[in-house]
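Just below is one structure, and these are the notes that go with it.
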Amino acid sequence: MFLNCFVMDIEAWSPQNAVKKESWRTVLTLAYQSLGVVYGDLSTSPLYVYKSTFAEDIQHSETNEEIFGVLSFVFWTLTLIPLLKYVIIVLRADDNGEGGTFALYSLLCRHARVSVLPNGQLADQDLYEYKKDGNSSSYDKGLGKRLKSTLENHKFLQQALLILSLIGTCMVIGDGVLTPAISVFSAVSGLELSMSKQHHQYVEVPVVCVILVILFFLQHYGTHRIGFLFAPIVITWLLCISAIGVYNIILWNPHVYQALSPYYMYKFLKKTGRGGWMSLGGILLCITGSEAMFADLGHFSQLSIKIAFTFVVYPALILAYMGQAAYLSKHHILESDYRIGFYVSVPEKLRWPVLAIAILSAVVGSQAIITGTFSIIKQCSALGCFPKIRIIHTSSKRYGQIYIPEINWTLMLLCLAVTIGFRDTKHISNASGLAVITVMLVTTCLMSLVIVLCWHKNLFLALCFMFFFGSIEALYFSASLIKFLEGAWVPIALSFIFLLIMYIWHYGTLKKYEYDVQNKVSINWLLSLGPNLGIVRVRGIGLIHTELVAGVPAIFSHFVTNLPAFHQVVIFLCIKSVPVPRVRPEERFLVGRIGPKDYRIYRCIARYGYRDMHIDDVEFEKDLVCSIAEFIRSEATESIVGVEDLSDEEKMTVIGTTSSYLEPSRTSEDAEELSVTSEGASTSTLREVQSPKMPRKRVRFLVPESPKVDPSAREELQELMEAREAGLAFILGHCYVKAKSGSSFFKKLVIDIGYEFLRRNSRGPTYALSFPQASTLEVGMIYRV
């Protein structure tokens with residue numbers, strides 16, 4: 001009954017994001033798997049919460065008001081933030097099943113024109129995932145309409161929204177540095193009970209560093225190779241800490257449950273004063289890893305994550321914290337805060353087995369945040385907010401498991417530096433707490449906008465959400481920020497560096513695109529060259545990479561005026577990201593023609609979502625040629641059914657990724673007539689003509705002999721296939737971006753030094769790697785922006 005009401009509540013809040021009907025076996029399997037991937041970090045928090053809290057100037061007195069006050073804070077923090085905020089509300093703000101900071105930003109970009117991606121198109125709004133979330137133009141009333149209008153009409157607010165999202169992203173990256181350090185450090189701290197403090201300080205740091213090096217070294221194998229161990233380890237750990245908690249409650253203080261009353265929070269703050277307020281930074285660590293429930297939503301389902309937390313993780317953590325409090329309430333003569341950690345409450349005979357399980361759990365929790373860091377950097381790179389880097393997909397079966405070598409080794413070096421530099425959990429916990437609470441504050445701000453603009457709820461509800469959760473998080477944020485000199489400066493410094501990199505790359509990319517738009521070649525210039533472009537047309541396909549979605553790029557005129565010959569078929573290729581998680585294969589390509597048919601010049605726009613895996617193998621060339629062939633045939637059918645032919649505009653047709661449904665063993669004699677549906681979405685330079693849902697037609701490399709195919713289309717297809725057999729040359733513009741004369745000192749610093757440095761040290765397009773170096777031509781140009 002409780003579960004049914006739970007699901008009904010979900011549907012009542014956001015009907016468009018109702019839980020998908022799945023079999024209970026599937027849901028429970030996903031819930032089991034999520035324990036190892038999502039909750040590794042959150043489940044290891046009992047290792048260091050009490051120790052970090054009492055590392056301040058709080059004295060553990062005989063009245064137990066400090067212990068009970070901390071327990072009350074921990075209980076209500078776990079209840080209000082992970083359970084109420086994330087499980088009940090935030091998890092429903094999924095972007096077609098995806099979660100995280102960029103998912104919220106993507107939702108906002110689709111419901112209000114606040115996107116800073118420069119090459120948006122009307123055709124993108126017809127994508128399946130673009131409008132699946134219930135985007136409705138009929139909405140917009142009252143304050144919600146004014147809020148949307150304000151965001152759309154002020155570039156400053158749009159930039160602020162982007163920077164806010166990037167700050168949350170950068171703090172997640174900072175957490176990827178700090179979480180492995182504090183998790184492994186706290187787990188290894190159990191050695192302190194088996195040796196003297198003098199010896200322990202010389203053993204702990206080297207052991208932590210060795211474990212961290214091994215952890216980062218294993219990343220290139222991929223989580224799928226060791227993933228089957230994750231869930232059993234976390235389940236064993238949760239059973240272990242909950243059993244020890246029950247044991248300590250029964251043995252030492254069965255009435256510890258009374259401390260769950262909020263009254264003890266008031267008594268704690270009243271007695272401890274400023275010291276108690278500062279200790280909130282340690283209490284905050286009990287919810288570290290909660291953001292992973294939302295960030296990893298794309299790998300599981302809402303219901304599975306909610307079941308795992310509500311019925312397994314949450315009760316186990318509450319019992320663990322209550323057990324520690326019960327033990328400490330009867331042991332007031334501890335030597336120092338050095339011995340107030342987790343292991344002191346573990347029965348002596350179980351300490352070594354628990355230590356082994358804790359270290360394994362810490363490794364699992366660290367693995368989850370490292371993998372999450374890889375994923376979020378991939379999203380930033382896809383949306384043009386991070387330099388292009390090498391991304392390795394470690395699993396051919398499971399989507400989303402990736403490895404980024406440069407980021408992995410950077411995280412390892414930073415993690416080792418933090419471990420060796422601080423040498424204790426106190427300063428690392430101060431740093432980790434600030435990173436965690438900042439991400440949560442960003443999520444609260446973005447969620448309040450989602451409630452109004454995407455869910456179409458009353459503005460009052462959004463303000464209540466922001467005020468209630470924002471005030472709680474602001475309290476913890478202030479307690480963490482006050483420890484700036486005691487370690488909290490680390491996530492701020494790391495986030496500032498990554499934010500600087502992201503914004504410089506985004507700014508330079510945007511200026512480069514604006515230069516392309518301003519200097520594109522007119523269609524009249526192209527028509528004046530004639531079908532041969534004023535030069536000799538040689539066999540083969542010339543594939544020119546460009547960022548433009550309309551018009552002829554300036555780099556083409558540079559080629560034509562400097563090269564004595566050009567290919568018989570020219571394709572302008574644009575790889576663009578759209579604000580959706582994934583683009584379905586049948587909606588992948590937009591294909592059109594530039595100039596008359598005799599010119600044999602085509603434009604192909606390949607659209608990818610921020611979670612999509614870009615094709616970087618030989619299939620890309622195959623899909624590209626097949627999409628052009630399908631466009632030629634659909635265009636011929638269009639002329640048969642009498643669709644208006646526009647000689648001065650580009651017509652774009654939606655063509656699917658053909659290799660995904662190609663059957664090479666079949667011949668093309670059974671080709672059927674293809675119908676085309678015309679959409680009235682046209683602009684001054686672009687008209688989209690949308691083809692039917694795919695798979696509609698199997699495109700083959702054989703020219704059909706059917707009399708239904710127009711003779712001119714058959715001739716064009718024949719020429720395309722001959723050019724394909726002759727070979728494909730990839731022409732890549734190698735631009736040098738410079739600030740134009742008269743620019744401000746700040747702009748010259750950003751463009752000439754910052755962006756140029758990042759460009760020189762970033763990788764080219766991943767799809768360019770599939771073309772042999774002998775077939776790739778790079779031509780340099782100077783962009784004065």
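Each chain in the structure tokens gets a letter, A, B, ..., in the order shown, and its residues are numbered from 1; ligands are numbered from 1 in order too.
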Would you return as a PyMOL selection string the members of range 334-442 of chain A that DSSP assigns to alpha helix (DSSP H) on this structure's backbone?
chain A and resi 351-382+405-422+425-442
List as a list in words the protein and nucleic acid residues near Cys240 in chain A, meaning an atom at most 12 Å away when only C-alpha atoms are counted, but skip any in the same chain fewer than 6 places from it.
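The contact residues come out as Ser43, Thr44, Pro46, Pro232, Ile233, Val234, Val246, Tyr247, Ala316, Leu317, Leu319, Ala320, Gly323, Val346, Pro347, Leu350, Arg351, Pro353, Val354, Leu355, Ala356, Ile357, Ala358 and Ser361 of chain A.
Atom to atom, CA of Gly754 in chain A and CA of Ala550 in chain A stand 29.1 Å apart.
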What's around range 276-284 of chain A at 6 Å? Count only C-alpha atoms, leave out sequence neighbours fewer than 4 positions away in its own chain, and write the answer as a short mmCIF file (atom, residue, chain, number, x, y, z; two decimals) with all heavy atoms, in the first residue's frame.
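So the final result, stored in selection-v4.cif, reads:
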data_model
loop_
_atom_site.label_atom_id
_atom_site.label_comp_id
_atom_site.auth_asym_id
_atom_site.auth_seq_id
_atom_site.Cartn_x
_atom_site.Cartn_y
_atom_site.Cartn_z
N VAL A 49 31.87 10.84 9.86
CA VAL A 49 30.98 11.94 10.26
C VAL A 49 31.23 12.36 11.71
O VAL A 49 31.49 13.54 12.00
CB VAL A 49 29.51 11.54 10.06
CG1 VAL A 49 28.58 12.56 10.73
CG2 VAL A 49 29.19 11.47 8.57
N SER A 52 34.76 13.84 12.21
CA SER A 52 34.90 15.18 11.64
C SER A 52 34.13 16.21 12.46
O SER A 52 34.57 17.35 12.62
CB SER A 52 34.40 15.20 10.19
OG SER A 52 35.14 14.30 9.39
N THR A 53 32.96 15.81 13.00
CA THR A 53 32.15 16.74 13.79
C THR A 53 32.84 17.12 15.09
O THR A 53 32.91 18.30 15.46
CB THR A 53 30.77 16.12 14.09
OG1 THR A 53 30.14 15.77 12.86
CG2 THR A 53 29.90 17.09 14.87
N LEU A 269 22.77 23.41 19.71
CA LEU A 269 23.22 24.74 19.28
C LEU A 269 23.25 25.72 20.44
O LEU A 269 24.13 26.60 20.52
CB LEU A 269 22.32 25.26 18.16
CG LEU A 269 22.40 24.51 16.83
CD1 LEU A 269 21.39 25.08 15.84
CD2 LEU A 269 23.81 24.57 16.24
N THR A 272 26.48 24.65 22.60
CA THR A 272 27.80 24.72 21.95
C THR A 272 28.06 26.05 21.27
O THR A 272 29.23 26.39 21.02
CB THR A 272 27.94 23.58 20.92
OG1 THR A 272 26.87 23.69 19.97
CG2 THR A 272 27.87 22.23 21.60
N ALA A 479 28.53 27.16 7.39
CA ALA A 479 29.40 26.46 8.33
C ALA A 479 30.63 25.90 7.63
O ALA A 479 31.71 25.81 8.23
CB ALA A 479 28.63 25.34 9.02
N SER A 480 30.48 25.51 6.38
CA SER A 480 31.62 24.99 5.62
C SER A 480 32.52 26.11 5.13
O SER A 480 33.76 25.99 5.14
CB SER A 480 31.13 24.17 4.42
OG SER A 480 30.36 23.07 4.84
#
Contact residues around Phe230 in chain A with only C-alpha atoms at 12 Å, ignoring same-chain residues under 3 positions, as a count of residues only:
30
Compile the contact shell of Ala431 in chain A as a short mmCIF file (atom, residue, chain, number, x, y, z; two decimals) with all heavy atoms, in the first residue's frame: residues with an atom at most 8 Å away, counting only C-alpha atoms, same-chain residues fewer than 6 positions apart removed.
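New file around-v3.cif:
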data_model
loop_
_atom_site.label_atom_id
_atom_site.label_comp_id
_atom_site.auth_asym_id
_atom_site.auth_seq_id
_atom_site.Cartn_x
_atom_site.Cartn_y
_atom_site.Cartn_z
N LEU A 178 38.24 14.83 -3.94
CA LEU A 178 38.22 14.76 -2.48
C LEU A 178 37.60 13.48 -1.93
O LEU A 178 38.05 12.96 -0.91
CB LEU A 178 37.44 15.97 -1.94
CG LEU A 178 38.05 17.34 -2.28
CD1 LEU A 178 37.08 18.45 -1.96
CD2 LEU A 178 39.36 17.54 -1.53
N SER A 480 30.48 25.51 6.38
CA SER A 480 31.62 24.99 5.62
C SER A 480 32.52 26.11 5.13
O SER A 480 33.76 25.99 5.14
CB SER A 480 31.13 24.17 4.42
OG SER A 480 30.36 23.07 4.84
N GLY A 487 41.03 24.16 4.90
CA GLY A 487 40.82 23.13 3.89
C GLY A 487 39.72 23.42 2.91
O GLY A 487 39.71 22.87 1.80
N ALA A 488 38.77 24.30 3.29
CA ALA A 488 37.64 24.57 2.39
C ALA A 488 38.06 25.34 1.14
O ALA A 488 37.28 25.42 0.18
CB ALA A 488 36.55 25.34 3.14
N TRP A 489 39.28 25.88 1.14
CA TRP A 489 39.75 26.60 -0.04
C TRP A 489 40.04 25.66 -1.21
O TRP A 489 40.07 26.08 -2.37
CB TRP A 489 41.02 27.39 0.29
CG TRP A 489 42.16 26.53 0.75
CD1 TRP A 489 42.46 26.18 2.03
CD2 TRP A 489 43.15 25.92 -0.08
NE1 TRP A 489 43.57 25.38 2.07
CE2 TRP A 489 44.02 25.21 0.78
CE3 TRP A 489 43.39 25.90 -1.44
CZ2 TRP A 489 45.11 24.48 0.31
CZ3 TRP A 489 44.48 25.17 -1.92
CH2 TRP A 489 45.31 24.49 -1.06
N VAL A 490 40.24 24.38 -0.92
CA VAL A 490 40.63 23.42 -1.98
C VAL A 490 39.55 23.29 -3.04
O VAL A 490 39.83 23.45 -4.24
CB VAL A 490 40.98 22.05 -1.36
CG1 VAL A 490 41.21 21.02 -2.47
CG2 VAL A 490 42.23 22.18 -0.50
N PRO A 491 38.27 22.95 -2.69
CA PRO A 491 37.27 22.84 -3.77
C PRO A 491 37.03 24.16 -4.48
O PRO A 491 36.71 24.17 -5.68
CB PRO A 491 36.01 22.36 -3.04
CG PRO A 491 36.20 22.79 -1.62
CD PRO A 491 37.68 22.68 -1.37
#
Near-Pro579 in chain A list (10 Å; only C-alpha atoms; drop same-chain fewer than 5 positions) as a compact mmCIF listing (two decimals) with all heavy atoms, in the first residue's frame:
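Listed below is the output, out-v7.txt:
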# COMPACT_ATOMS: atom_id res chain seq x y z
N ASP A 95 15.51 14.24 -17.40
CA ASP A 95 15.49 14.66 -18.80
C ASP A 95 15.44 13.41 -19.67
O ASP A 95 16.46 12.89 -20.06
CB ASP A 95 16.73 15.50 -19.12
CG ASP A 95 16.71 16.02 -20.54
OD1 ASP A 95 15.65 15.92 -21.20
OD2 ASP A 95 17.75 16.53 -21.00
N PHE A 102 23.40 18.94 -15.74
CA PHE A 102 23.16 19.26 -17.14
C PHE A 102 21.77 18.82 -17.60
O PHE A 102 21.23 19.39 -18.55
CB PHE A 102 24.23 18.63 -18.02
CG PHE A 102 25.37 19.56 -18.32
CD1 PHE A 102 26.54 19.50 -17.58
CD2 PHE A 102 25.27 20.51 -19.31
CE1 PHE A 102 27.59 20.36 -17.84
CE2 PHE A 102 26.31 21.38 -19.58
CZ PHE A 102 27.47 21.31 -18.83
N ALA A 103 21.20 17.83 -16.94
CA ALA A 103 19.83 17.44 -17.28
C ALA A 103 18.86 18.56 -16.93
O ALA A 103 17.95 18.87 -17.71
CB ALA A 103 19.46 16.16 -16.54
N TYR A 105 19.65 21.76 -16.66
CA TYR A 105 19.94 22.87 -17.57
C TYR A 105 19.36 22.60 -18.95
O TYR A 105 18.84 23.50 -19.62
CB TYR A 105 21.45 23.07 -17.66
CG TYR A 105 21.86 24.22 -18.55
CD1 TYR A 105 21.63 25.54 -18.18
CD2 TYR A 105 22.49 23.98 -19.77
CE1 TYR A 105 22.00 26.60 -19.00
CE2 TYR A 105 22.87 25.03 -20.59
CZ TYR A 105 22.62 26.33 -20.20
OH TYR A 105 22.99 27.37 -21.02
N SER A 106 19.43 21.35 -19.40
CA SER A 106 18.87 20.98 -20.70
C SER A 106 17.35 21.17 -20.73
O SER A 106 16.79 21.67 -21.71
CB SER A 106 19.22 19.52 -21.02
OG SER A 106 18.58 19.08 -22.19
N LEU A 107 16.68 20.79 -19.65
CA LEU A 107 15.24 21.00 -19.57
C LEU A 107 14.89 22.48 -19.68
O LEU A 107 13.96 22.87 -20.40
CB LEU A 107 14.71 20.44 -18.25
CG LEU A 107 14.51 18.92 -18.15
CD1 LEU A 107 14.13 18.54 -16.74
CD2 LEU A 107 13.46 18.45 -19.13
N LEU A 108 15.63 23.31 -18.97
CA LEU A 108 15.37 24.74 -19.01
C LEU A 108 15.61 25.32 -20.40
O LEU A 108 14.88 26.19 -20.86
CB LEU A 108 16.25 25.46 -17.98
CG LEU A 108 15.94 25.16 -16.51
CD1 LEU A 108 16.98 25.78 -15.60
CD2 LEU A 108 14.54 25.66 -16.14
N CYS A 109 16.64 24.82 -21.08
CA CYS A 109 16.95 25.32 -22.43
C CYS A 109 15.85 24.98 -23.42
O CYS A 109 15.65 25.71 -24.40
CB CYS A 109 18.28 24.73 -22.91
SG CYS A 109 19.73 25.39 -22.06
N ARG A 110 15.13 23.91 -23.21
CA ARG A 110 14.09 23.51 -24.15
C ARG A 110 12.76 24.19 -23.86
O ARG A 110 11.93 24.31 -24.75
CB ARG A 110 13.92 21.99 -24.12
CG ARG A 110 15.16 21.24 -24.56
CD ARG A 110 14.80 19.92 -25.19
NE ARG A 110 14.02 19.07 -24.33
CZ ARG A 110 14.53 18.23 -23.44
NH1 ARG A 110 15.84 18.18 -23.27
NH2 ARG A 110 13.76 17.45 -22.72
N SER A 115 19.29 28.82 -24.08
CA SER A 115 20.47 28.06 -24.48
C SER A 115 21.51 28.97 -25.11
O SER A 115 21.18 29.89 -25.86
CB SER A 115 20.08 26.96 -25.48
OG SER A 115 21.23 26.30 -25.97
N LEU A 117 23.99 27.52 -26.86
CA LEU A 117 24.50 26.80 -28.01
C LEU A 117 24.18 27.62 -29.26
O LEU A 117 23.03 27.99 -29.49
CB LEU A 117 23.85 25.41 -28.12
CG LEU A 117 24.22 24.42 -27.00
CD1 LEU A 117 23.45 23.13 -27.18
CD2 LEU A 117 25.70 24.14 -27.00
N GLY A 120 21.41 26.43 -32.97
CA GLY A 120 20.10 25.82 -32.82
C GLY A 120 19.26 25.95 -34.08
O GLY A 120 19.40 26.89 -34.85
N ASP A 124 15.31 20.90 -34.77
CA ASP A 124 15.68 20.19 -33.56
C ASP A 124 14.50 20.04 -32.61
O ASP A 124 14.45 19.12 -31.80
CB ASP A 124 16.82 20.92 -32.84
CG ASP A 124 18.07 20.99 -33.69
OD1 ASP A 124 18.23 20.14 -34.58
OD2 ASP A 124 18.90 21.89 -33.47
N GLN A 125 13.53 20.94 -32.70
CA GLN A 125 12.38 20.87 -31.82
C GLN A 125 11.45 19.72 -32.17
O GLN A 125 10.53 19.41 -31.41
CB GLN A 125 11.62 22.20 -31.87
CG GLN A 125 12.44 23.38 -31.39
CD GLN A 125 11.67 24.69 -31.41
OE1 GLN A 125 10.45 24.67 -31.53
NE2 GLN A 125 12.37 25.80 -31.31
N GLU A 129 12.92 13.15 -28.26
CA GLU A 129 13.19 13.44 -26.86
C GLU A 129 13.09 14.93 -26.56
O GLU A 129 13.02 15.33 -25.41
CB GLU A 129 14.57 12.91 -26.46
CG GLU A 129 14.64 11.41 -26.41
CD GLU A 129 15.82 10.90 -25.62
OE1 GLU A 129 16.70 11.71 -25.28
OE2 GLU A 129 15.86 9.69 -25.32
N TYR A 130 13.08 15.75 -27.59
CA TYR A 130 12.96 17.19 -27.38
C TYR A 130 11.57 17.55 -26.86
O TYR A 130 11.41 18.39 -26.00
CB TYR A 130 13.23 17.93 -28.68
CG TYR A 130 13.54 19.40 -28.52
CD1 TYR A 130 14.84 19.87 -28.55
CD2 TYR A 130 12.51 20.33 -28.32
CE1 TYR A 130 15.12 21.22 -28.39
CE2 TYR A 130 12.78 21.67 -28.15
CZ TYR A 130 14.09 22.11 -28.19
OH TYR A 130 14.37 23.44 -28.02
N ALA A 382 30.60 17.69 -24.95
CA ALA A 382 29.59 17.57 -26.01
C ALA A 382 28.85 18.88 -26.23
O ALA A 382 28.47 19.20 -27.36
CB ALA A 382 28.60 16.46 -25.66
N LEU A 383 28.66 19.66 -25.18
CA LEU A 383 27.93 20.92 -25.29
C LEU A 383 28.85 22.12 -25.49
O LEU A 383 28.44 23.26 -25.34
CB LEU A 383 27.07 21.13 -24.04
CG LEU A 383 25.92 20.14 -23.87
CD1 LEU A 383 25.18 20.40 -22.58
CD2 LEU A 383 24.95 20.20 -25.04
N TYR A 608 23.71 15.00 -32.27
CA TYR A 608 24.00 14.13 -31.13
C TYR A 608 23.53 14.81 -29.85
O TYR A 608 23.61 16.02 -29.70
CB TYR A 608 25.50 13.84 -31.02
CG TYR A 608 26.04 12.97 -32.12
CD1 TYR A 608 26.52 13.53 -33.30
CD2 TYR A 608 26.09 11.59 -31.99
CE1 TYR A 608 27.02 12.74 -34.32
CE2 TYR A 608 26.59 10.79 -33.00
CZ TYR A 608 27.05 11.37 -34.16
OH TYR A 608 27.55 10.59 -35.17
N GLY A 609 23.05 13.99 -28.90
CA GLY A 609 22.71 14.49 -27.58
C GLY A 609 23.92 14.49 -26.68
O GLY A 609 24.98 13.95 -27.02
N TYR A 610 23.76 15.10 -25.50
CA TYR A 610 24.91 15.22 -24.61
C TYR A 610 25.29 13.88 -23.97
O TYR A 610 26.35 13.78 -23.35
CB TYR A 610 24.66 16.28 -23.53
CG TYR A 610 23.44 16.06 -22.66
CD1 TYR A 610 23.47 15.22 -21.56
CD2 TYR A 610 22.25 16.75 -22.93
CE1 TYR A 610 22.37 15.05 -20.76
CE2 TYR A 610 21.13 16.58 -22.13
CZ TYR A 610 21.20 15.74 -21.05
OH TYR A 610 20.09 15.55 -20.24
N ARG A 611 24.46 12.85 -24.10
CA ARG A 611 24.80 11.53 -23.60
C ARG A 611 25.14 10.55 -24.73
O ARG A 611 25.47 9.41 -24.48
CB ARG A 611 23.64 10.95 -22.80
CG ARG A 611 23.41 11.61 -21.46
CD ARG A 611 24.24 10.99 -20.39
NE ARG A 611 23.86 11.45 -19.07
CZ ARG A 611 24.40 11.01 -17.94
NH1 ARG A 611 25.34 10.10 -17.99
NH2 ARG A 611 24.02 11.48 -16.77
Considering only C-alpha atoms, return as a ChimeraX atom specification whatever protein or nucleic-acid residues lie within 10 Å of Val452 in chain A, sequence-local ones (same chain, fewer than 4 positions apart) excluded.
/A:108,140,143-145,147-148,447-448,456-463
Could you save the residues just selected, with N, CA, C and O atoms, as a PDB file, in the first residue's frame?
ATOM      1  N   LEU A 108      15.632  23.308 -18.968  1.00  0.00           N
ATOM      2  CA  LEU A 108      15.369  24.744 -19.007  1.00  0.00           C
ATOM      3  C   LEU A 108      15.610  25.321 -20.402  1.00  0.00           C
ATOM      4  O   LEU A 108      14.875  26.192 -20.858  1.00  0.00           O
ATOM      5  N   ASP A 140       2.063  29.346 -20.202  1.00  0.00           N
ATOM      6  CA  ASP A 140       2.689  30.649 -19.950  1.00  0.00           C
ATOM      7  C   ASP A 140       1.599  31.581 -19.442  1.00  0.00           C
ATOM      8  O   ASP A 140       0.883  32.182 -20.226  1.00  0.00           O
ATOM      9  N   LEU A 143       2.933  35.117 -13.539  1.00  0.00           N
ATOM     10  CA  LEU A 143       4.320  35.281 -13.132  1.00  0.00           C
ATOM     11  C   LEU A 143       5.252  34.326 -13.875  1.00  0.00           C
ATOM     12  O   LEU A 143       6.395  34.664 -14.151  1.00  0.00           O
ATOM     13  N   GLY A 144       4.754  33.114 -14.171  1.00  0.00           N
ATOM     14  CA  GLY A 144       5.574  32.165 -14.914  1.00  0.00           C
ATOM     15  C   GLY A 144       5.933  32.696 -16.288  1.00  0.00           C
ATOM     16  O   GLY A 144       7.068  32.556 -16.750  1.00  0.00           O
ATOM     17  N   LYS A 145       4.980  33.319 -16.965  1.00  0.00           N
ATOM     18  CA  LYS A 145       5.238  33.893 -18.280  1.00  0.00           C
ATOM     19  C   LYS A 145       6.239  35.044 -18.187  1.00  0.00           C
ATOM     20  O   LYS A 145       7.136  35.178 -19.018  1.00  0.00           O
ATOM     21  N   LEU A 147       8.535  35.444 -15.867  1.00  0.00           N
ATOM     22  CA  LEU A 147       9.847  34.888 -15.552  1.00  0.00           C
ATOM     23  C   LEU A 147      10.521  34.341 -16.801  1.00  0.00           C
ATOM     24  O   LEU A 147      11.712  34.578 -17.047  1.00  0.00           O
ATOM     25  N   LYS A 148       9.757  33.627 -17.610  1.00  0.00           N
ATOM     26  CA  LYS A 148      10.299  33.090 -18.851  1.00  0.00           C
ATOM     27  C   LYS A 148      10.732  34.208 -19.787  1.00  0.00           C
ATOM     28  O   LYS A 148      11.807  34.163 -20.394  1.00  0.00           O
ATOM     29  N   MET A 447      16.249  23.570  -9.781  1.00  0.00           N
ATOM     30  CA  MET A 447      14.970  22.886  -9.607  1.00  0.00           C
ATOM     31  C   MET A 447      13.826  23.868  -9.434  1.00  0.00           C
ATOM     32  O   MET A 447      12.709  23.629  -9.908  1.00  0.00           O
ATOM     33  N   SER A 448      14.071  24.984  -8.753  1.00  0.00           N
ATOM     34  CA  SER A 448      13.005  25.968  -8.577  1.00  0.00           C
ATOM     35  C   SER A 448      12.555  26.537  -9.916  1.00  0.00           C
ATOM     36  O   SER A 448      11.366  26.805 -10.128  1.00  0.00           O
ATOM     37  N   HIS A 456       5.308  23.636 -14.962  1.00  0.00           N
ATOM     38  CA  HIS A 456       4.183  24.571 -15.033  1.00  0.00           C
ATOM     39  C   HIS A 456       3.410  24.654 -13.723  1.00  0.00           C
ATOM     40  O   HIS A 456       2.174  24.767 -13.712  1.00  0.00           O
ATOM     41  N   LYS A 457       4.144  24.600 -12.606  1.00  0.00           N
ATOM     42  CA  LYS A 457       3.531  24.750 -11.295  1.00  0.00           C
ATOM     43  C   LYS A 457       3.528  26.220 -10.892  1.00  0.00           C
ATOM     44  O   LYS A 457       4.172  27.065 -11.507  1.00  0.00           O
ATOM     45  N   ASN A 458       2.800  26.487  -9.840  1.00  0.00           N
ATOM     46  CA  ASN A 458       2.687  27.852  -9.338  1.00  0.00           C
ATOM     47  C   ASN A 458       4.037  28.351  -8.838  1.00  0.00           C
ATOM     48  O   ASN A 458       4.825  27.592  -8.266  1.00  0.00           O
ATOM     49  N   LEU A 459       4.298  29.630  -9.051  1.00  0.00           N
ATOM     50  CA  LEU A 459       5.557  30.226  -8.608  1.00  0.00           C
ATOM     51  C   LEU A 459       5.713  30.125  -7.096  1.00  0.00           C
ATOM     52  O   LEU A 459       6.836  30.015  -6.585  1.00  0.00           O
ATOM     53  N   PHE A 460       4.613  30.131  -6.381  1.00  0.00           N
ATOM     54  CA  PHE A 460       4.666  30.035  -4.920  1.00  0.00           C
ATOM     55  C   PHE A 460       5.282  28.701  -4.492  1.00  0.00           C
ATOM     56  O   PHE A 460       6.047  28.645  -3.521  1.00  0.00           O
ATOM     57  N   LEU A 461       4.942  27.607  -5.181  1.00  0.00           N
ATOM     58  CA  LEU A 461       5.524  26.306  -4.861  1.00  0.00           C
ATOM     59  C   LEU A 461       7.031  26.306  -5.086  1.00  0.00           C
ATOM     60  O   LEU A 461       7.787  25.734  -4.298  1.00  0.00           O
ATOM     61  N   ALA A 462       7.470  26.943  -6.171  1.00  0.00           N
ATOM     62  CA  ALA A 462       8.897  27.021  -6.443  1.00  0.00           C
ATOM     63  C   ALA A 462       9.623  27.818  -5.363  1.00  0.00           C
ATOM     64  O   ALA A 462      10.718  27.443  -4.925  1.00  0.00           O
ATOM     65  N   LEU A 463       9.012  28.909  -4.918  1.00  0.00           N
ATOM     66  CA  LEU A 463       9.622  29.716  -3.863  1.00  0.00           C
ATOM     67  C   LEU A 463       9.664  28.955  -2.543  1.00  0.00           C
ATOM     68  O   LEU A 463      10.644  29.053  -1.791  1.00  0.00           O
TER      69      LEU A 463
END
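Nearest to Glu586 in chain A of all the residues A:Val538, A:Ile420, A:Leu127, A:Leu80 is A:Leu127, counting only C-alpha atoms.
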Computed interatomic separation between CA of Leu91 in chain A and CA of Phe294 in chain A (Å)
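About the pair CA of Leu91 in chain A and CA of Phe294 in chain A: they are 5.8 Å apart.
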